[in-house]
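Content type mmCIF, C-alpha atoms, from the file start-v2.cif:
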```
data_run
#
loop_
_atom_site.label_atom_id
_atom_site.label_comp_id
_atom_site.auth_asym_id
_atom_site.auth_seq_id
_atom_site.Cartn_x
_atom_site.Cartn_y
_atom_site.Cartn_z
CA MET A 677 55.31 66.95 45.01
CA SER A 678 53.53 70.24 45.73
CA ASN A 679 56.20 72.05 43.66
CA ILE A 680 55.26 69.91 40.65
CA TRP A 681 51.57 70.84 41.03
CA HIS A 682 52.58 74.50 41.36
CA GLU A 683 54.69 74.39 38.18
CA ILE A 684 51.87 72.77 36.20
CA GLY A 685 49.48 75.38 37.58
CA GLN A 686 51.66 78.11 36.10
CA TYR A 687 50.89 76.89 32.57
CA VAL A 688 47.33 75.67 32.99
CA SER A 689 44.45 78.03 33.70
CA VAL A 690 42.91 75.91 36.43
CA TRP A 691 39.81 78.03 36.83
CA TYR A 692 38.84 78.09 33.14
CA THR A 693 39.77 74.45 32.58
CA SER A 694 37.71 73.29 35.56
CA ARG A 695 34.68 75.42 34.67
CA ALA A 696 34.78 74.45 30.97
CA ALA A 697 35.08 70.76 31.86
CA GLY A 698 32.30 71.08 34.46
CA LEU A 699 29.87 72.78 32.10
CA THR A 700 30.69 70.27 29.36
CA ALA A 701 30.15 67.38 31.80
CA TYR A 702 26.79 68.84 32.87
CA LEU A 703 25.59 69.31 29.28
CA LEU A 704 26.65 65.78 28.33
CA LEU A 705 24.85 64.41 31.40
CA PHE A 706 21.77 66.40 30.37
CA VAL A 707 21.89 64.91 26.85
CA ALA A 708 22.48 61.38 28.21
CA VAL A 709 19.53 61.62 30.62
CA SER A 710 17.27 63.20 27.99
CA ALA A 711 18.15 60.49 25.44
CA GLY A 712 17.45 57.85 28.10
CA LEU A 713 14.02 59.35 28.79
CA LEU A 714 13.29 59.50 25.04
CA GLN A 715 13.97 55.78 24.65
CA GLY A 716 10.45 54.96 25.79
CA SER A 717 8.83 57.34 23.29
CA SER A 718 7.39 56.79 19.82
CA PHE A 719 10.19 59.05 18.53
CA ALA A 720 12.81 56.40 19.36
CA LYS A 721 11.58 53.73 16.98
CA GLY A 722 13.26 51.97 14.06
CA LYS A 723 16.56 53.52 13.00
CA ARG A 724 16.19 56.38 15.48
CA LYS A 725 16.14 53.92 18.39
CA ALA A 726 19.75 52.87 17.73
CA ILE A 727 20.86 56.51 17.33
CA VAL A 728 19.16 57.60 20.57
CA SER A 729 20.70 54.62 22.36
CA LEU A 730 24.20 55.50 21.12
CA ILE A 731 23.75 59.15 22.13
CA HIS A 732 22.58 58.01 25.57
CA GLN A 733 25.60 55.74 26.03
CA TRP A 734 28.38 57.90 24.58
CA CYS A 735 27.24 61.14 26.20
CA GLY A 736 27.17 59.26 29.49
CA TRP A 737 30.78 58.09 29.20
CA PHE A 738 32.12 61.39 27.86
CA GLY A 739 30.20 63.26 30.56
CA LEU A 740 31.89 61.08 33.15
CA LEU A 741 35.31 61.78 31.58
CA PHE A 742 34.79 65.56 31.61
CA GLY A 743 33.45 65.32 35.17
CA MET A 744 36.71 63.67 36.24
CA VAL A 745 38.74 66.42 34.55
CA HIS A 746 36.53 69.05 36.21
CA GLY A 747 37.36 67.71 39.67
CA LEU A 748 40.93 66.52 39.31
CA VAL A 749 42.28 69.70 37.70
CA LEU A 750 41.47 71.54 40.96
CA VAL A 751 44.49 69.82 42.52
CA PHE A 752 46.56 72.37 40.54
CA ASP A 753 44.69 75.34 42.04
CA ASP A 754 46.97 77.74 43.95
CA TYR A 755 44.15 79.83 45.39
CA ILE A 756 42.09 77.37 47.48
CA HIS A 757 44.70 74.58 47.66
CA TYR A 758 42.65 71.43 47.15
CA SER A 759 44.39 68.15 47.92
CA ILE A 760 43.67 65.00 45.94
CA TRP A 761 41.78 63.72 49.00
CA ASN A 762 39.58 66.84 49.06
CA ILE A 763 38.54 65.91 45.53
CA LEU A 764 38.09 62.18 46.07
CA ILE A 765 36.49 62.18 49.54
CA PRO A 766 33.09 63.90 49.57
CA PHE A 767 32.48 66.88 51.87
CA THR A 768 36.15 67.39 52.84
CA ALA A 769 36.92 70.32 50.50
CA PRO A 770 38.16 73.56 52.10
CA TYR A 771 35.71 75.62 49.98
CA LYS A 772 31.93 75.10 50.29
CA PRO A 773 32.34 71.44 51.30
CA ILE A 774 28.64 70.53 51.00
CA TRP A 775 28.22 71.71 47.40
CA THR A 776 31.68 70.45 46.42
CA GLY A 777 30.93 67.08 48.03
CA LEU A 778 27.68 66.93 46.08
CA GLY A 779 29.76 67.15 42.90
CA THR A 780 31.99 64.28 44.06
CA MET A 781 28.93 62.17 44.91
CA THR A 782 27.51 62.94 41.46
CA LEU A 783 30.68 61.61 39.85
CA TYR A 784 30.62 58.37 41.88
CA LEU A 785 26.91 57.71 41.25
CA PHE A 786 27.37 58.48 37.57
CA LEU A 787 30.24 55.97 37.43
CA ILE A 788 28.08 53.28 39.10
CA ILE A 789 25.25 53.92 36.63
CA MET A 790 27.55 53.69 33.61
CA LEU A 791 29.33 50.55 34.85
CA SER A 792 26.02 48.83 35.64
CA SER A 793 24.85 49.50 32.09
CA ASP A 794 27.97 47.93 30.63
CA MET A 795 27.61 44.96 33.02
CA MET A 796 23.84 44.54 32.67
CA LYS A 797 24.11 40.85 31.73
CA LYS A 798 26.21 40.15 34.83
CA VAL A 799 24.21 42.15 37.37
CA GLY A 800 20.81 41.25 35.94
CA LYS A 801 18.09 43.46 34.52
CA LYS A 802 16.34 44.05 37.88
CA VAL A 803 19.52 45.29 39.56
CA TRP A 804 20.41 47.36 36.49
CA ARG A 805 16.95 48.96 36.47
CA ALA A 806 17.16 49.75 40.19
CA ILE A 807 20.57 51.41 39.73
CA HIS A 808 19.36 53.25 36.64
CA PHE A 809 16.66 54.94 38.72
CA LEU A 810 19.54 56.88 40.28
CA ALA A 811 20.02 58.76 36.98
CA LEU A 812 17.49 61.51 37.76
CA PRO A 813 18.69 62.11 41.35
CA THR A 814 22.27 62.16 40.01
CA TYR A 815 21.32 64.68 37.33
CA SER A 816 19.55 66.79 39.98
CA MET A 817 22.69 66.71 42.14
CA ALA A 818 24.79 67.91 39.19
CA LEU A 819 22.29 70.73 38.62
CA VAL A 820 22.38 71.85 42.26
CA HIS A 821 26.20 71.55 42.34
CA GLY A 822 26.54 73.76 39.27
CA MET A 823 23.98 76.36 40.30
CA LEU A 824 25.08 76.76 43.93
CA LEU A 825 28.85 76.39 43.56
CA GLY A 826 29.68 77.76 40.12
CA THR A 827 30.27 81.52 40.18
CA ASP A 828 29.62 81.68 36.44
CA VAL A 829 25.93 81.00 37.16
CA LYS A 830 25.77 84.77 37.76
CA SER A 831 26.15 85.10 33.99
CA ALA A 832 22.68 85.23 32.39
CA PRO A 833 23.46 82.74 29.56
CA ILE A 834 24.79 80.14 32.03
CA PHE A 835 21.88 80.68 34.43
CA TRP A 836 19.31 80.25 31.65
CA MET A 837 21.19 77.24 30.30
CA TYR A 838 20.62 75.54 33.66
CA VAL A 839 16.96 76.62 33.75
CA VAL A 840 16.20 75.47 30.19
CA THR A 841 18.01 72.11 30.47
CA ALA A 842 16.36 71.36 33.83
CA THR A 843 12.93 72.25 32.42
CA ILE A 844 13.43 70.02 29.36
CA THR A 845 14.59 67.12 31.55
CA PHE A 846 11.60 67.28 33.89
CA ILE A 847 9.16 67.69 30.97
CA LEU A 848 10.65 64.54 29.42
CA LEU A 849 10.39 62.78 32.79
CA TYR A 850 6.70 63.72 33.03
CA ALA A 851 6.15 62.54 29.46
CA ARG A 852 7.98 59.26 30.14
CA ILE A 853 5.81 58.51 33.18
CA PHE A 854 2.43 59.70 31.97
CA LEU A 855 2.49 59.87 28.16
CA PHE A 856 5.03 57.60 26.49
CA LYS A 857 3.52 54.34 27.82
CA LYS A 858 -0.10 55.22 27.03
CA PRO A 859 -0.07 54.18 23.34
CA THR A 860 1.07 50.70 24.39
CA ALA A 861 -1.76 50.51 26.93
CA ARG A 862 -4.26 51.56 24.26
CA LYS A 863 -2.94 48.91 21.86
CA LEU A 864 -3.29 46.23 24.54
CA ALA A 865 -6.82 47.37 25.28
CA ALA A 866 -7.71 47.39 21.58
CA SER A 867 -6.28 43.89 21.09
CA LYS A 868 -8.51 42.37 23.80
CA PRO A 869 -11.55 40.59 22.36
CA THR A 870 -14.78 42.44 23.01
CA ALA A 871 -17.73 40.66 24.54
CA ALA A 872 -20.53 39.75 22.15
CA ALA A 873 -23.57 41.96 22.43
#
```
Write out the structure in this file as C-alpha cells.
Amino acid sequence: MSNIWHEIGQYVSVWYTSRAAGLTAYLLLFVAVSAGLLQGSSFAKGKRKAIVSLIHQWCGWFGLLFGMVHGLVLVFDDYIHYSIWNILIPFTAPYKPIWTGLGTMTLYLFLIIMLSSDMMKKVGKKVWRAIHFLALPTYSMALVHGMLLGTDVKSAPIFWMYVVTATITFILLYARIFLFKKPTARKLAASKPTAAA
C-alpha cells in the first residue's frame, strides 16, 4: 500500500497541493463566517439576504471540501511520512502535533456546524444555535493553525492576508454584537405608546 502512495506522490506536488487547498479552505471559511455575521445587518435585507445566505452556505461546504483535501493529500508526503491516522486522529502527527491537531479539530468542528445547519429542523433551533456559536472559535483555530504551522506565512502577502481577514472578521463580530441589533431595539422603543403628558 505504501508503494501506491509513493507512486502517486511522484506525480502530485504534495506540498503545493496541500498549501493551496489549505489557503483556499481558510479563505472560504473566512467568507462563510463573514457572510454569517452580515446576516444580522441592515445590508442583508430583501434580495441581498438570499444572496448572503447562499454565500454563507456554499462557502461553508466548499471550505470543508478544500479542508479535507488539505489534510488528506499529506498521506502522499514522502518527507514527513504522515499516516492516514495521523491525519484523522488529532495531535498524533509526527510534525508539530499540537498545531496539526488543531487543524484536524477545525475540520471536525466545521463538519458538525455544517451538518447541524442542514439538519436544523431535526435538531431544533436551540441546538442549532448552540452549535453555531462554535463558528468563531473554529475560525480562530483555523487562523492559528495557518499562522503557526504554515511556512508560507513568512511571505508578506500571506501574512497580511491572515491579518486583514482576521481583522475584518472581528470587526464584523463587534458590529454584530453591538451595532446590528440596535436599529431593531430603537424601532421597538419607538413603537411603544408614550405616556400622556
Hits of the PyMOL selection byres ((chain A and resi 819) around 12) in this structure, as number ranges by chain: A: 698-699, 701-703, 705-706, 775, 778-779, 782, 812-818, 820-826, 829, 834-835, 837-843, 845
Starting from the shown file, work through the PyMOL selection byres ((chain A and resi 734-746) around 7) and note down what comes out as a ChimeraX atom specification. /A:694-695,697-698,700-702,704-705,707-708,730-733,747-749,783,786-787,790
Gap from CA of Ile847 (chain A) to CA of Met796 (chain A) - Å, one decimal: 27.5 Å
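Between CA of Gly722 (chain A) and CA of Ala851 (chain A) the interatomic distance comes to 20.0 Å.
Taking CA of Ile844 (chain A) as the reference point, CA of Gly712 (chain A) is found at 12.9 Å.
Taking only C-alpha atoms into account, Ile853 (chain A) lies nearest to A:Ser717 out of the set A:Ser710, A:Thr693, A:Ser717, A:Ser729.
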Could you tell me, as a CSV table (one decimal) with C-alpha atoms, in the frame of the given file, exactly which residues end up selected when the PyMOL selection byres ((chain A and resi 808) around 10) is applied to this structure?
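Written output follows (out.csv):
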```
chain,number,residue,atom,x,y,z
A,712,GLY,CA,17.4,57.8,28.1
A,785,LEU,CA,26.9,57.7,41.2
A,786,PHE,CA,27.4,58.5,37.6
A,788,ILE,CA,28.1,53.3,39.1
A,789,ILE,CA,25.2,53.9,36.6
A,790,MET,CA,27.6,53.7,33.6
A,792,SER,CA,26.0,48.8,35.6
A,793,SER,CA,24.8,49.5,32.1
A,802,LYS,CA,16.3,44.0,37.9
A,803,VAL,CA,19.5,45.3,39.6
A,804,TRP,CA,20.4,47.4,36.5
A,805,ARG,CA,17.0,49.0,36.5
A,806,ALA,CA,17.2,49.8,40.2
A,807,ILE,CA,20.6,51.4,39.7
A,809,PHE,CA,16.7,54.9,38.7
A,810,LEU,CA,19.5,56.9,40.3
A,811,ALA,CA,20.0,58.8,37.0
A,812,LEU,CA,17.5,61.5,37.8
A,814,THR,CA,22.3,62.2,40.0
```
Shortest interatomic distance to Met781 (chain A) - which of A:Ile765, A:Ala696, A:Leu855, A:Ala726, counting all atoms listed in the file: A:Ile765
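Proximity ranking of A:Tyr692, A:Phe767, A:Phe719, A:Tyr850 relative to Asp753 (chain A) places A:Tyr692 first, based on all atoms listed in the file.
The shortest atom-to-atom distance to Ile760 (chain A), with all atoms listed in the file taken into account, belongs to A:Thr780 out of A:Thr827, A:Trp691, A:Thr780, A:Ala711.
Each of A:Ile756, A:Leu713, A:Ile763, A:Ile727 was compared to Leu849 (chain A) using only C-alpha atoms, and A:Leu713 turns out to be the nearest.
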Taking all heavy atoms as the atom set, what does region 778-789 of chain A look like once completed, written as an mmCIF file, keeping the file's coordinate frame?
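Contents of the output file out.cif:
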```cif
data_model
loop_
_atom_site.group_PDB
_atom_site.id
_atom_site.type_symbol
_atom_site.label_atom_id
_atom_site.label_comp_id
_atom_site.auth_asym_id
_atom_site.auth_seq_id
_atom_site.Cartn_x
_atom_site.Cartn_y
_atom_site.Cartn_z
ATOM 1 N N LEU A 778 28.797 67.356 46.931
ATOM 2 C CA LEU A 778 27.680 66.930 46.080
ATOM 3 C C LEU A 778 28.199 66.619 44.673
ATOM 4 O O LEU A 778 27.740 65.663 44.032
ATOM 5 C CB LEU A 778 26.631 68.044 46.025
ATOM 6 C CG LEU A 778 25.186 67.628 45.721
ATOM 7 C CD1 LEU A 778 24.667 66.686 46.793
ATOM 8 C CD2 LEU A 778 24.306 68.869 45.635
ATOM 9 N N GLY A 779 29.156 67.405 44.205
ATOM 10 C CA GLY A 779 29.760 67.150 42.900
ATOM 11 C C GLY A 779 30.518 65.832 42.888
ATOM 12 O O GLY A 779 30.438 65.060 41.923
ATOM 13 N N THR A 780 31.253 65.548 43.963
ATOM 14 C CA THR A 780 31.990 64.280 44.060
ATOM 15 C C THR A 780 31.026 63.099 44.082
ATOM 16 O O THR A 780 31.248 62.089 43.406
ATOM 17 C CB THR A 780 32.862 64.264 45.335
ATOM 18 O OG1 THR A 780 33.713 65.415 45.338
ATOM 19 C CG2 THR A 780 33.712 63.008 45.404
ATOM 20 N N MET A 781 29.935 63.239 44.846
ATOM 21 C CA MET A 781 28.930 62.170 44.910
ATOM 22 C C MET A 781 28.289 61.947 43.538
ATOM 23 O O MET A 781 28.010 60.811 43.152
ATOM 24 C CB MET A 781 27.866 62.509 45.949
ATOM 25 C CG MET A 781 28.366 62.484 47.381
ATOM 26 S SD MET A 781 28.985 60.860 47.880
ATOM 27 C CE MET A 781 27.497 59.877 47.747
ATOM 28 N N THR A 782 28.065 63.043 42.809
ATOM 29 C CA THR A 782 27.510 62.940 41.460
ATOM 30 C C THR A 782 28.408 62.095 40.566
ATOM 31 O O THR A 782 27.941 61.219 39.835
ATOM 32 C CB THR A 782 27.341 64.348 40.840
ATOM 33 O OG1 THR A 782 26.420 65.097 41.625
ATOM 34 C CG2 THR A 782 26.832 64.264 39.408
ATOM 35 N N LEU A 783 29.707 62.352 40.663
ATOM 36 C CA LEU A 783 30.680 61.610 39.850
ATOM 37 C C LEU A 783 30.651 60.117 40.184
ATOM 38 O O LEU A 783 30.618 59.272 39.291
ATOM 39 C CB LEU A 783 32.070 62.178 40.064
ATOM 40 C CG LEU A 783 33.160 61.646 39.135
ATOM 41 C CD1 LEU A 783 32.916 62.102 37.698
ATOM 42 C CD2 LEU A 783 34.532 62.110 39.595
ATOM 43 N N TYR A 784 30.621 59.783 41.467
ATOM 44 C CA TYR A 784 30.620 58.370 41.880
ATOM 45 C C TYR A 784 29.326 57.659 41.455
ATOM 46 O O TYR A 784 29.361 56.529 40.959
ATOM 47 C CB TYR A 784 30.808 58.254 43.392
ATOM 48 C CG TYR A 784 32.197 58.608 43.872
ATOM 49 C CD1 TYR A 784 32.408 59.174 45.113
ATOM 50 C CD2 TYR A 784 33.314 58.377 43.064
ATOM 51 C CE1 TYR A 784 33.684 59.496 45.559
ATOM 52 C CE2 TYR A 784 34.591 58.701 43.495
ATOM 53 C CZ TYR A 784 34.769 59.261 44.739
ATOM 54 O OH TYR A 784 36.045 59.585 45.167
ATOM 55 N N LEU A 785 28.195 58.322 41.650
ATOM 56 C CA LEU A 785 26.910 57.710 41.250
ATOM 57 C C LEU A 785 26.848 57.532 39.740
ATOM 58 O O LEU A 785 26.364 56.513 39.238
ATOM 59 C CB LEU A 785 25.746 58.577 41.739
ATOM 60 C CG LEU A 785 25.479 58.544 43.239
ATOM 61 C CD1 LEU A 785 24.438 59.593 43.616
ATOM 62 C CD2 LEU A 785 25.003 57.163 43.676
ATOM 63 N N PHE A 786 27.339 58.530 39.024
ATOM 64 C CA PHE A 786 27.370 58.480 37.570
ATOM 65 C C PHE A 786 28.222 57.299 37.097
ATOM 66 O O PHE A 786 27.853 56.577 36.168
ATOM 67 C CB PHE A 786 27.951 59.801 37.067
ATOM 68 C CG PHE A 786 27.602 60.154 35.657
ATOM 69 C CD1 PHE A 786 26.644 59.460 34.935
ATOM 70 C CD2 PHE A 786 28.249 61.218 35.035
ATOM 71 C CE1 PHE A 786 26.341 59.807 33.629
ATOM 72 C CE2 PHE A 786 27.947 61.575 33.731
ATOM 73 C CZ PHE A 786 26.991 60.862 33.031
ATOM 74 N N LEU A 787 29.364 57.094 37.766
ATOM 75 C CA LEU A 787 30.240 55.970 37.430
ATOM 76 C C LEU A 787 29.536 54.634 37.678
ATOM 77 O O LEU A 787 29.614 53.716 36.848
ATOM 78 C CB LEU A 787 31.523 56.044 38.262
ATOM 79 C CG LEU A 787 32.530 54.905 38.074
ATOM 80 C CD1 LEU A 787 33.022 54.843 36.627
ATOM 81 C CD2 LEU A 787 33.709 55.076 39.029
ATOM 82 N N ILE A 788 28.826 54.508 38.789
ATOM 83 C CA ILE A 788 28.080 53.280 39.100
ATOM 84 C C ILE A 788 27.012 53.017 38.046
ATOM 85 O O ILE A 788 26.834 51.882 37.588
ATOM 86 C CB ILE A 788 27.448 53.380 40.511
ATOM 87 C CG1 ILE A 788 28.535 53.343 41.576
ATOM 88 C CG2 ILE A 788 26.438 52.250 40.743
ATOM 89 C CD1 ILE A 788 28.052 53.723 42.967
ATOM 90 N N ILE A 789 26.299 54.071 37.648
ATOM 91 C CA ILE A 789 25.250 53.920 36.630
ATOM 92 C C ILE A 789 25.836 53.436 35.308
ATOM 93 O O ILE A 789 25.304 52.511 34.680
ATOM 94 C CB ILE A 789 24.502 55.268 36.426
ATOM 95 C CG1 ILE A 789 23.679 55.612 37.670
ATOM 96 C CG2 ILE A 789 23.589 55.205 35.196
ATOM 97 C CD1 ILE A 789 23.197 57.048 37.709
#
```
